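Asks: Provided below: run24.pdb, containing PDB, N, CA and C atoms.
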ATOM      1  N   MET A  29      20.321  -6.700  17.969
ATOM      2  CA  MET A  29      19.124  -6.076  18.484
ATOM      3  C   MET A  29      17.969  -7.060  18.355
ATOM      4  N   LYS A  30      17.292  -7.312  19.450
ATOM      5  CA  LYS A  30      16.204  -8.278  19.461
ATOM      6  C   LYS A  30      14.874  -7.580  19.191
ATOM      7  N   GLN A  31      14.083  -8.184  18.302
ATOM      8  CA  GLN A  31      12.756  -7.664  17.980
ATOM      9  C   GLN A  31      11.729  -8.469  18.756
ATOM     10  N   ASP A  32      11.077  -7.842  19.733
ATOM     11  CA  ASP A  32      10.091  -8.540  20.553
ATOM     12  C   ASP A  32       8.684  -8.435  19.993
ATOM     13  N   LYS A  33       8.470  -7.503  19.082
ATOM     14  CA  LYS A  33       7.120  -7.224  18.625
ATOM     15  C   LYS A  33       7.121  -7.047  17.114
ATOM     16  N   LEU A  34       6.129  -7.615  16.465
ATOM     17  CA  LEU A  34       5.981  -7.439  15.030
ATOM     18  C   LEU A  34       5.459  -6.043  14.727
ATOM     19  N   PRO A  35       5.770  -5.487  13.551
ATOM     20  CA  PRO A  35       5.223  -4.174  13.216
ATOM     21  C   PRO A  35       3.703  -4.258  13.085
ATOM     22  N   ASP A  36       3.037  -3.169  13.432
ATOM     23  CA  ASP A  36       1.580  -3.181  13.338
ATOM     24  C   ASP A  36       1.128  -2.868  11.916
ATOM     25  N   LEU A  37      -0.151  -3.011  11.691
ATOM     26  CA  LEU A  37      -0.724  -2.833  10.365
ATOM     27  C   LEU A  37      -0.458  -1.430   9.827
ATOM     28  N   GLN A  38      -0.591  -0.417  10.664
ATOM     29  CA  GLN A  38      -0.363   0.953  10.209
ATOM     30  C   GLN A  38       1.082   1.165   9.767
ATOM     31  N   ALA A  39       2.019   0.576  10.475
ATOM     32  CA  ALA A  39       3.430   0.717  10.096
ATOM     33  C   ALA A  39       3.701   0.069   8.746
ATOM     34  N   ILE A  40       3.096  -1.070   8.505
ATOM     35  CA  ILE A  40       3.288  -1.756   7.231
ATOM     36  C   ILE A  40       2.641  -0.956   6.102
ATOM     37  N   LEU A  41       1.441  -0.416   6.346
ATOM     38  CA  LEU A  41       0.793   0.423   5.335
ATOM     39  C   LEU A  41       1.630   1.659   5.041
ATOM     40  N   PHE A  42       2.216   2.247   6.070
ATOM     41  CA  PHE A  42       3.085   3.412   5.904
ATOM     42  C   PHE A  42       4.269   3.070   4.989
ATOM     43  N   LEU A  43       4.889   1.930   5.218
ATOM     44  CA  LEU A  43       6.036   1.523   4.399
ATOM     45  C   LEU A  43       5.632   1.223   2.952
ATOM     46  N   ILE A  44       4.472   0.610   2.762
ATOM     47  CA  ILE A  44       3.992   0.364   1.401
ATOM     48  C   ILE A  44       3.723   1.697   0.710
ATOM     49  N   GLY A  45       3.153   2.642   1.439
ATOM     50  CA  GLY A  45       2.917   3.970   0.875
ATOM     51  C   GLY A  45       4.203   4.631   0.422
ATOM     52  N   ILE A  46       5.237   4.543   1.244
ATOM     53  CA  ILE A  46       6.536   5.099   0.859
ATOM     54  C   ILE A  46       7.045   4.425  -0.404
ATOM     55  N   GLN A  47       6.917   3.112  -0.470
ATOM     56  CA  GLN A  47       7.350   2.352  -1.648
ATOM     57  C   GLN A  47       6.603   2.821  -2.893
ATOM     58  N   GLU A  48       5.304   3.006  -2.781
ATOM     59  CA  GLU A  48       4.481   3.376  -3.929
ATOM     60  C   GLU A  48       4.721   4.817  -4.370
ATOM     61  N   VAL A  49       4.948   5.707  -3.423
ATOM     62  CA  VAL A  49       5.205   7.107  -3.764
ATOM     63  C   VAL A  49       6.647   7.281  -4.227
ATOM     64  N   GLY A  50       7.551   6.500  -3.650
ATOM     65  CA  GLY A  50       8.946   6.556  -4.064
ATOM     66  C   GLY A  50       9.702   7.762  -3.544
ATOM     67  N   GLN A  51       9.272   8.288  -2.414
ATOM     68  CA  GLN A  51       9.933   9.464  -1.842
ATOM     69  C   GLN A  51      10.311   9.192  -0.390
ATOM     70  N   LEU A  52      11.485   8.639  -0.187
ATOM     71  CA  LEU A  52      11.957   8.347   1.160
ATOM     72  C   LEU A  52      12.584   9.604   1.755
ATOM     73  N   ARG A  53      12.087   9.977   2.927
ATOM     74  CA  ARG A  53      12.620  11.143   3.642
ATOM     75  C   ARG A  53      12.818  10.768   5.099
ATOM     76  N   ASN A  54      13.552  11.604   5.812
ATOM     77  CA  ASN A  54      13.769  11.365   7.239
ATOM     78  C   ASN A  54      12.539  11.661   8.069
ATOM     79  N   LYS A  55      11.741  12.639   7.662
ATOM     80  CA  LYS A  55      10.568  13.028   8.443
ATOM     81  C   LYS A  55       9.377  13.251   7.521
ATOM     82  N   TYR A  56       8.208  12.898   8.041
ATOM     83  CA  TYR A  56       6.936  13.138   7.366
ATOM     84  C   TYR A  56       5.999  13.804   8.361
ATOM     85  N   THR A  57       5.156  14.704   7.868
ATOM     86  CA  THR A  57       4.137  15.283   8.737
ATOM     87  C   THR A  57       3.083  14.224   9.034
ATOM     88  N   LYS A  58       2.261  14.491  10.021
ATOM     89  CA  LYS A  58       1.184  13.566  10.363
ATOM     90  C   LYS A  58       0.261  13.380   9.159
ATOM     91  N   GLU A  59      -0.042  14.467   8.462
ATOM     92  CA  GLU A  59      -0.910  14.395   7.282
ATOM     93  C   GLU A  59      -0.263  13.562   6.172
ATOM     94  N   GLU A  60       1.041  13.734   5.963
ATOM     95  CA  GLU A  60       1.737  12.937   4.951
ATOM     96  C   GLU A  60       1.720  11.452   5.309
ATOM     97  N   LYS A  61       1.877  11.142   6.586
ATOM     98  CA  LYS A  61       1.819   9.745   7.021
ATOM     99  C   LYS A  61       0.450   9.153   6.727
ATOM    100  N   GLN A  62      -0.605   9.909   7.018
ATOM    101  CA  GLN A  62      -1.959   9.445   6.727
ATOM    102  C   GLN A  62      -2.154   9.271   5.221
ATOM    103  N   ASP A  63      -1.640  10.214   4.442
ATOM    104  CA  ASP A  63      -1.757  10.122   2.982
ATOM    105  C   ASP A  63      -1.008   8.908   2.444
ATOM    106  N   LEU A  64       0.170   8.622   2.999
ATOM    107  CA  LEU A  64       0.941   7.455   2.564
ATOM    108  C   LEU A  64       0.190   6.163   2.870
ATOM    109  N   MET A  65      -0.442   6.098   4.050
ATOM    110  CA  MET A  65      -1.220   4.901   4.379
ATOM    111  C   MET A  65      -2.437   4.773   3.465
ATOM    112  N   HIS A  66      -3.028   5.911   3.089
ATOM    113  CA  HIS A  66      -4.162   5.878   2.169
ATOM    114  C   HIS A  66      -3.730   5.383   0.788
ATOM    115  N   VAL A  67      -2.581   5.842   0.324
ATOM    116  CA  VAL A  67      -2.037   5.362  -0.956
ATOM    117  C   VAL A  67      -1.859   3.846  -0.888
ATOM    118  N   ALA A  68      -1.336   3.360   0.224
ATOM    119  CA  ALA A  68      -1.121   1.918   0.381
ATOM    120  C   ALA A  68      -2.438   1.154   0.313
ATOM    121  N   VAL A  69      -3.446   1.624   1.033
ATOM    122  CA  VAL A  69      -4.747   0.950   1.028
ATOM    123  C   VAL A  69      -5.327   0.936  -0.385
ATOM    124  N   CYS A  70      -5.254   2.069  -1.071
ATOM    125  CA  CYS A  70      -5.769   2.135  -2.445
ATOM    126  C   CYS A  70      -5.023   1.168  -3.352
ATOM    127  N   GLN A  71      -3.706   1.131  -3.233
ATOM    128  CA  GLN A  71      -2.905   0.221  -4.056
ATOM    129  C   GLN A  71      -3.274  -1.227  -3.773
ATOM    130  N   LEU A  72      -3.371  -1.564  -2.497
ATOM    131  CA  LEU A  72      -3.693  -2.939  -2.118
ATOM    132  C   LEU A  72      -5.071  -3.358  -2.640
ATOM    133  N   LEU A  73      -6.059  -2.476  -2.483
ATOM    134  CA  LEU A  73      -7.415  -2.822  -2.875
ATOM    135  C   LEU A  73      -7.668  -2.640  -4.369
ATOM    136  N   SER A  74      -6.758  -1.976  -5.058
ATOM    137  CA  SER A  74      -6.907  -1.847  -6.510
ATOM    138  C   SER A  74      -6.731  -3.199  -7.193
ATOM    139  N   GLN A  75      -6.014  -4.098  -6.560
ATOM    140  CA  GLN A  75      -5.801  -5.427  -7.136
ATOM    141  C   GLN A  75      -7.098  -6.227  -7.238
ATOM    142  N   ASP A  76      -8.083  -5.856  -6.426
ATOM    143  CA  ASP A  76      -9.388  -6.521  -6.471
ATOM    144  C   ASP A  76     -10.444  -5.648  -7.129
ATOM    145  N   GLY A  77     -10.022  -4.548  -7.744
ATOM    146  CA  GLY A  77     -10.952  -3.708  -8.488
ATOM    147  C   GLY A  77     -11.750  -2.719  -7.672
ATOM    148  N   TYR A  78     -11.358  -2.459  -6.439
ATOM    149  CA  TYR A  78     -12.070  -1.473  -5.629
ATOM    150  C   TYR A  78     -11.636  -0.057  -5.984
ATOM    151  N   TYR A  79     -10.367   0.102  -6.290
ATOM    152  CA  TYR A  79      -9.828   1.396  -6.683
ATOM    153  C   TYR A  79      -9.170   1.257  -8.048
ATOM    154  N   GLU A  80      -9.107   2.395  -8.747
ATOM    155  CA  GLU A  80      -8.438   2.436 -10.040
ATOM    156  C   GLU A  80      -7.410   3.565 -10.005
ATOM    157  N   PHE A  81      -6.210   3.265 -10.446
ATOM    158  CA  PHE A  81      -5.151   4.277 -10.528
ATOM    159  C   PHE A  81      -5.530   5.257 -11.626
ATOM    160  N   ILE A  82      -5.522   6.560 -11.310
ATOM    161  CA  ILE A  82      -5.894   7.559 -12.320
ATOM    162  C   ILE A  82      -4.745   8.472 -12.717
ATOM    163  N   GLY A  83      -3.599   8.338 -12.064
ATOM    164  CA  GLY A  83      -2.445   9.149 -12.448
ATOM    165  C   GLY A  83      -1.712   9.698 -11.253
ATOM    166  N   GLN A  84      -0.723  10.523 -11.559
ATOM    167  CA  GLN A  84       0.097  11.134 -10.515
ATOM    168  C   GLN A  84      -0.047  12.644 -10.585
ATOM    169  N   ASP A  85       0.086  13.276  -9.434
ATOM    170  CA  ASP A  85       0.025  14.734  -9.407
ATOM    171  C   ASP A  85       1.412  15.317  -9.688
ATOM    172  N   GLU A  86       1.528  16.631  -9.576
ATOM    173  CA  GLU A  86       2.792  17.307  -9.893
ATOM    174  C   GLU A  86       3.924  16.917  -8.947
ATOM    175  N   ASP A  87       3.590  16.370  -7.788
ATOM    176  CA  ASP A  87       4.599  15.904  -6.837
ATOM    177  C   ASP A  87       4.853  14.406  -6.954
ATOM    178  N   ASN A  88       4.311  13.792  -8.002
ATOM    179  CA  ASN A  88       4.450  12.361  -8.291
ATOM    180  C   ASN A  88       3.746  11.455  -7.288
ATOM    181  N   TRP A  89       2.755  11.973  -6.585
ATOM    182  CA  TRP A  89       1.957  11.137  -5.701
ATOM    183  C   TRP A  89       0.878  10.457  -6.530
ATOM    184  N   PRO A  90       0.689   9.149  -6.348
ATOM    185  CA  PRO A  90      -0.350   8.453  -7.099
ATOM    186  C   PRO A  90      -1.745   8.817  -6.588
ATOM    187  N   HIS A  91      -2.694   8.837  -7.518
ATOM    188  CA  HIS A  91      -4.082   9.107  -7.159
ATOM    189  C   HIS A  91      -4.960   7.988  -7.696
ATOM    190  N   PHE A  92      -5.966   7.657  -6.922
ATOM    191  CA  PHE A  92      -6.872   6.567  -7.232
ATOM    192  C   PHE A  92      -8.298   7.071  -7.132
ATOM    193  N   LYS A  93      -9.198   6.374  -7.819
ATOM    194  CA  LYS A  93     -10.615   6.659  -7.615
ATOM    195  C   LYS A  93     -11.309   5.366  -7.228
ATOM    196  N   LEU A  94     -12.296   5.509  -6.365
ATOM    197  CA  LEU A  94     -13.086   4.370  -5.920
ATOM    198  C   LEU A  94     -14.015   3.976  -7.065
ATOM    199  N   VAL A  95     -13.959   2.718  -7.494
ATOM    200  CA  VAL A  95     -14.782   2.272  -8.615
ATOM    201  C   VAL A  95     -15.771   1.181  -8.220
ATOM    202  N   ARG A  96     -15.631   0.672  -7.020
ATOM    203  CA  ARG A  96     -16.526  -0.379  -6.532
ATOM    204  C   ARG A  96     -16.657  -0.218  -5.022
ATOM    205  N   ALA A  97     -17.848  -0.409  -4.538
ATOM    206  CA  ALA A  97     -18.084  -0.256  -3.097
ATOM    207  C   ALA A  97     -17.175  -1.192  -2.304
ATOM    208  N   LEU A  98     -16.603  -0.652  -1.251
ATOM    209  CA  LEU A  98     -15.747  -1.455  -0.385
ATOM    210  C   LEU A  98     -16.593  -2.440   0.406
ATOM    211  N   PRO A  99     -16.041  -3.611   0.696
ATOM    212  CA  PRO A  99     -16.814  -4.598   1.457
ATOM    213  C   PRO A  99     -17.063  -4.115   2.881
ATOM    214  N   ARG A 100     -18.271  -4.348   3.330
ATOM    215  CA  ARG A 100     -18.601  -4.002   4.713
ATOM    216  C   ARG A 100     -18.151  -5.150   5.606
ATOM    217  N   GLY A 101     -17.907  -4.822   6.828
ATOM    218  CA  GLY A 101     -17.510  -5.850   7.774
ATOM    219  C   GLY A 101     -17.046  -5.225   9.055
ATOM    220  N   THR A 102     -16.718  -6.075   9.985
ATOM    221  CA  THR A 102     -16.200  -5.594  11.261
ATOM    222  C   THR A 102     -14.790  -5.053  11.047
ATOM    223  N   VAL A 103     -14.301  -4.344  12.026
ATOM    224  CA  VAL A 103     -12.934  -3.841  11.964
ATOM    225  C   VAL A 103     -11.965  -5.003  11.787
ATOM    226  N   GLU A 104     -12.207  -6.083  12.508
ATOM    227  CA  GLU A 104     -11.334  -7.258  12.405
ATOM    228  C   GLU A 104     -11.361  -7.842  10.990
ATOM    229  N   GLU A 105     -12.533  -7.917  10.379
ATOM    230  CA  GLU A 105     -12.640  -8.437   9.012
ATOM    231  C   GLU A 105     -11.927  -7.520   8.016
ATOM    232  N   GLN A 106     -12.052  -6.210   8.216
ATOM    233  CA  GLN A 106     -11.364  -5.257   7.339
ATOM    234  C   GLN A 106      -9.845  -5.383   7.496
ATOM    235  N   GLU A 107      -9.379  -5.523   8.725
ATOM    236  CA  GLU A 107      -7.947  -5.697   8.964
ATOM    237  C   GLU A 107      -7.449  -6.992   8.343
ATOM    238  N   ASN A 108      -8.234  -8.055   8.448
ATOM    239  CA  ASN A 108      -7.832  -9.333   7.860
ATOM    240  C   ASN A 108      -7.751  -9.235   6.341
ATOM    241  N   LEU A 109      -8.678  -8.499   5.717
ATOM    242  CA  LEU A 109      -8.615  -8.286   4.272
ATOM    243  C   LEU A 109      -7.326  -7.554   3.898
ATOM    244  N   LEU A 110      -7.010  -6.506   4.642
ATOM    245  CA  LEU A 110      -5.780  -5.763   4.358
ATOM    246  C   LEU A 110      -4.541  -6.633   4.578
ATOM    247  N   LYS A 111      -4.538  -7.442   5.604
ATOM    248  CA  LYS A 111      -3.405  -8.331   5.852
ATOM    249  C   LYS A 111      -3.225  -9.312   4.701
ATOM    250  N   GLU A 112      -4.321  -9.831   4.192
ATOM    251  CA  GLU A 112      -4.260 -10.742   3.042
ATOM    252  C   GLU A 112      -3.682 -10.023   1.821
ATOM    253  N   LYS A 113      -4.135  -8.794   1.589
ATOM    254  CA  LYS A 113      -3.656  -8.013   0.444
ATOM    255  C   LYS A 113      -2.182  -7.645   0.619
ATOM    256  N   ILE A 114      -1.764  -7.401   1.864
ATOM    257  CA  ILE A 114      -0.350  -7.100   2.127
ATOM    258  C   ILE A 114       0.519  -8.302   1.773
ATOM    259  N   LEU A 115       0.092  -9.485   2.160
ATOM    260  CA  LEU A 115       0.854 -10.694   1.822
ATOM    261  C   LEU A 115       0.955 -10.860   0.308
ATOM    262  N   GLU A 116      -0.144 -10.623  -0.398
ATOM    263  CA  GLU A 116      -0.123 -10.705  -1.861
ATOM    264  C   GLU A 116       0.805  -9.651  -2.452
ATOM    265  N   TYR A 117       0.758  -8.442  -1.898
ATOM    266  CA  TYR A 117       1.610  -7.346  -2.375
ATOM    267  C   TYR A 117       3.081  -7.730  -2.266
ATOM    268  N   PHE A 118       3.481  -8.207  -1.095
ATOM    269  CA  PHE A 118       4.886  -8.538  -0.908
ATOM    270  C   PHE A 118       5.298  -9.774  -1.698
ATOM    271  N   SER A 119       4.384 -10.677  -1.961
ATOM    272  CA  SER A 119       4.744 -11.827  -2.793
ATOM    273  C   SER A 119       4.977 -11.372  -4.234
ATOM    274  N   ARG A 120       4.244 -10.339  -4.684
ATOM    275  CA  ARG A 120       4.477  -9.785  -6.030
ATOM    276  C   ARG A 120       5.778  -8.998  -6.073
ATOM    277  N   VAL A 121       6.011  -8.174  -5.072
ATOM    278  CA  VAL A 121       7.205  -7.333  -5.019
ATOM    279  C   VAL A 121       8.453  -8.198  -4.902
ATOM    280  N   GLU A 122       8.317  -9.319  -4.216
ATOM    281  CA  GLU A 122       9.453 -10.198  -3.951
ATOM    282  C   GLU A 122       9.879 -11.006  -5.177
ATOM    283  N   GLN A 123       9.013 -11.146  -6.171
ATOM    284  CA  GLN A 123       9.333 -11.955  -7.340
ATOM    285  C   GLN A 123      10.578 -11.392  -8.031
ATOM    286  N   PRO A 124      11.564 -12.228  -8.281
ATOM    287  CA  PRO A 124      12.770 -11.742  -8.958
ATOM    288  C   PRO A 124      12.445 -11.396 -10.406
ATOM    289  N   LEU A 125      13.155 -10.422 -10.902
ATOM    290  CA  LEU A 125      12.976 -10.035 -12.294
ATOM    291  C   LEU A 125      13.561 -11.116 -13.194
ATOM    292  N   ASP A 126      12.904 -11.356 -14.301
ATOM    293  CA  ASP A 126      13.365 -12.337 -15.284
ATOM    294  C   ASP A 126      14.443 -11.666 -16.137
ATOM    295  N   PRO A 127      15.690 -12.133 -16.062
ATOM    296  CA  PRO A 127      16.774 -11.480 -16.814
ATOM    297  C   PRO A 127      16.588 -11.605 -18.332
ATOM    298  N   THR A 128      15.747 -12.531 -18.792
ATOM    299  CA  THR A 128      15.529 -12.665 -20.226
ATOM    300  C   THR A 128      14.394 -11.781 -20.706
ATOM    301  N   SER A 129      13.698 -11.145 -19.758
ATOM    302  CA  SER A 129      12.582 -10.269 -20.108
ATOM    303  C   SER A 129      13.100  -8.913 -20.572
ATOM    304  N   ASN A 130      12.342  -8.250 -21.409
ATOM    305  CA  ASN A 130      12.701  -6.922 -21.886
ATOM    306  C   ASN A 130      12.155  -5.820 -20.978
ATOM    307  N   ASN A 131      11.549  -6.178 -19.862
ATOM    308  CA  ASN A 131      10.954  -5.191 -18.962
ATOM    309  C   ASN A 131      11.953  -4.634 -18.014
TER     310      ASN A 131
END
Let me see the structure of the file written as structure tokens.
Replies:
Amino acid sequence: MKQDKLPDLQAILFLIGIQEVGQLRNKYTKEEKQDLMHVAVCQLLSQDGYYEFIGQDEDNWPHFKLVRALPRGTVEEQENLLKEKILEYFSRVEQPLDPTSNN
């Protein structure tokens, strides 16, 4: 199967959200998809101190609070920031576990 088009930013955020929530299902409601993308954005921007993880709810969904004003900019600048954070996210996720570590 040939892939002619790269996934868009929303699709990547959706997948990161699924990874962070840890609940893979066959179908999600539109609201759940939006919530998953929001979880992804919060996770990505928490690395720079914009959001802080505050815990999980009874359904194990992560919750964050805004602790620093988000940078203003054009839509393109905001998308570029998210793309940069996505690359950092996957470089962290991709790191192999150290077999000598106790973690």
Asks: With distances taken over only C-alpha atoms, which of A:Gly77, A:Pro35, A:Gly83, A:Pro99 is nearest to Val49 in chain A?
Replies: A:Gly83
Asks: In chain A, what's helix (DSSP H, G or I) per DSSP? Answer as a PyMOL selection string?
Replies: chain A and resi 37-49+58-74+103-122
Asks: Quick one: pull the distance between CA of Glu80 in chain A and CA of Arg96 in chain A, Å, one decimal.
Replies: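 So the answer is 9.3 Å.
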Asks: What does the distance between atom N of Ile46 in chain A and atom N of Met65 in chain A come to in Å, to one decimal place?
Replies: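 Atom N of Met65 in chain A lies 6.5 Å from atom N of Ile46 in chain A.
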Asks: How many Å separate CA of Ala97 in chain A from CA of Leu110 in chain A?
Replies: 15.4 Å
Asks: Using the chain letters and numbers from the file, give me the residues hit by the PyMOL selection byres (((chain A and resi 42 and name CA) around 8) and name CA), as a short mmCIF file (atom, residue, chain, number, x, y, z; two decimals) with N, CA and C atoms, in the frame of the given file.
Replies:
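expr.cif written:
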data_model
loop_
_atom_site.label_atom_id
_atom_site.label_comp_id
_atom_site.auth_asym_id
_atom_site.auth_seq_id
_atom_site.Cartn_x
_atom_site.Cartn_y
_atom_site.Cartn_z
N GLN A 38 -0.59 -0.42 10.66
CA GLN A 38 -0.36 0.95 10.21
C GLN A 38 1.08 1.16 9.77
N ALA A 39 2.02 0.58 10.48
CA ALA A 39 3.43 0.72 10.10
C ALA A 39 3.70 0.07 8.75
N ILE A 40 3.10 -1.07 8.51
CA ILE A 40 3.29 -1.76 7.23
C ILE A 40 2.64 -0.96 6.10
N LEU A 41 1.44 -0.42 6.35
CA LEU A 41 0.79 0.42 5.34
C LEU A 41 1.63 1.66 5.04
N LEU A 43 4.89 1.93 5.22
CA LEU A 43 6.04 1.52 4.40
C LEU A 43 5.63 1.22 2.95
N ILE A 44 4.47 0.61 2.76
CA ILE A 44 3.99 0.36 1.40
C ILE A 44 3.72 1.70 0.71
N GLY A 45 3.15 2.64 1.44
CA GLY A 45 2.92 3.97 0.88
C GLY A 45 4.20 4.63 0.42
N ILE A 46 5.24 4.54 1.24
CA ILE A 46 6.54 5.10 0.86
C ILE A 46 7.04 4.42 -0.40
N LYS A 61 1.88 11.14 6.59
CA LYS A 61 1.82 9.74 7.02
C LYS A 61 0.45 9.15 6.73
N GLN A 62 -0.60 9.91 7.02
CA GLN A 62 -1.96 9.44 6.73
C GLN A 62 -2.15 9.27 5.22
N LEU A 64 0.17 8.62 3.00
CA LEU A 64 0.94 7.46 2.56
C LEU A 64 0.19 6.16 2.87
N MET A 65 -0.44 6.10 4.05
CA MET A 65 -1.22 4.90 4.38
C MET A 65 -2.44 4.77 3.46
N ALA A 68 -1.34 3.36 0.22
CA ALA A 68 -1.12 1.92 0.38
C ALA A 68 -2.44 1.15 0.31
#
Asks: Would you please work out which residue, of A:Asp36, A:Glu60, A:Asp76, A:Glu86, is nearest to Lys113 in chain A when using only C-alpha atoms?
Replies: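 That would be A:Asp76, the residue with the smallest distance to Lys113 in chain A.
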Asks: Nearest to Leu94 in chain A: which of A:Tyr117, A:Leu37, A:Gln106, A:Ile82 is it, counting only C-alpha atoms?
Replies: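 Residue with the minimum atom-to-atom distance to Leu94 in chain A: A:Ile82.
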Asks: Draw an axis-aligned box over all listed atoms of range 73-87 of chain A, pad each side with 4 Å, and write its centre and edge lengths in Å, one decimal, as AutoDock Vina command-line options.
Replies:
--center_x -3.6 --center_y 5.4 --center_z -7.6 --size_x 24.9 --size_y 31.8 --size_z 18.2
Asks: Find the residues near Phe92 in chain A: any atom within 8 Å, counting all atoms listed in the file, skip ones fewer than 2 places away on the same chain, and give them as a count of residues only.
Replies: 14
Asks: Of the candidates A:Lys58, A:Phe118, A:Ser74, A:Gln47, which one gets nearest to His91 in chain A if we count only C-alpha atoms?
Replies: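 Checking each candidate against His91 in chain A, we get A:Ser74 as the closest.
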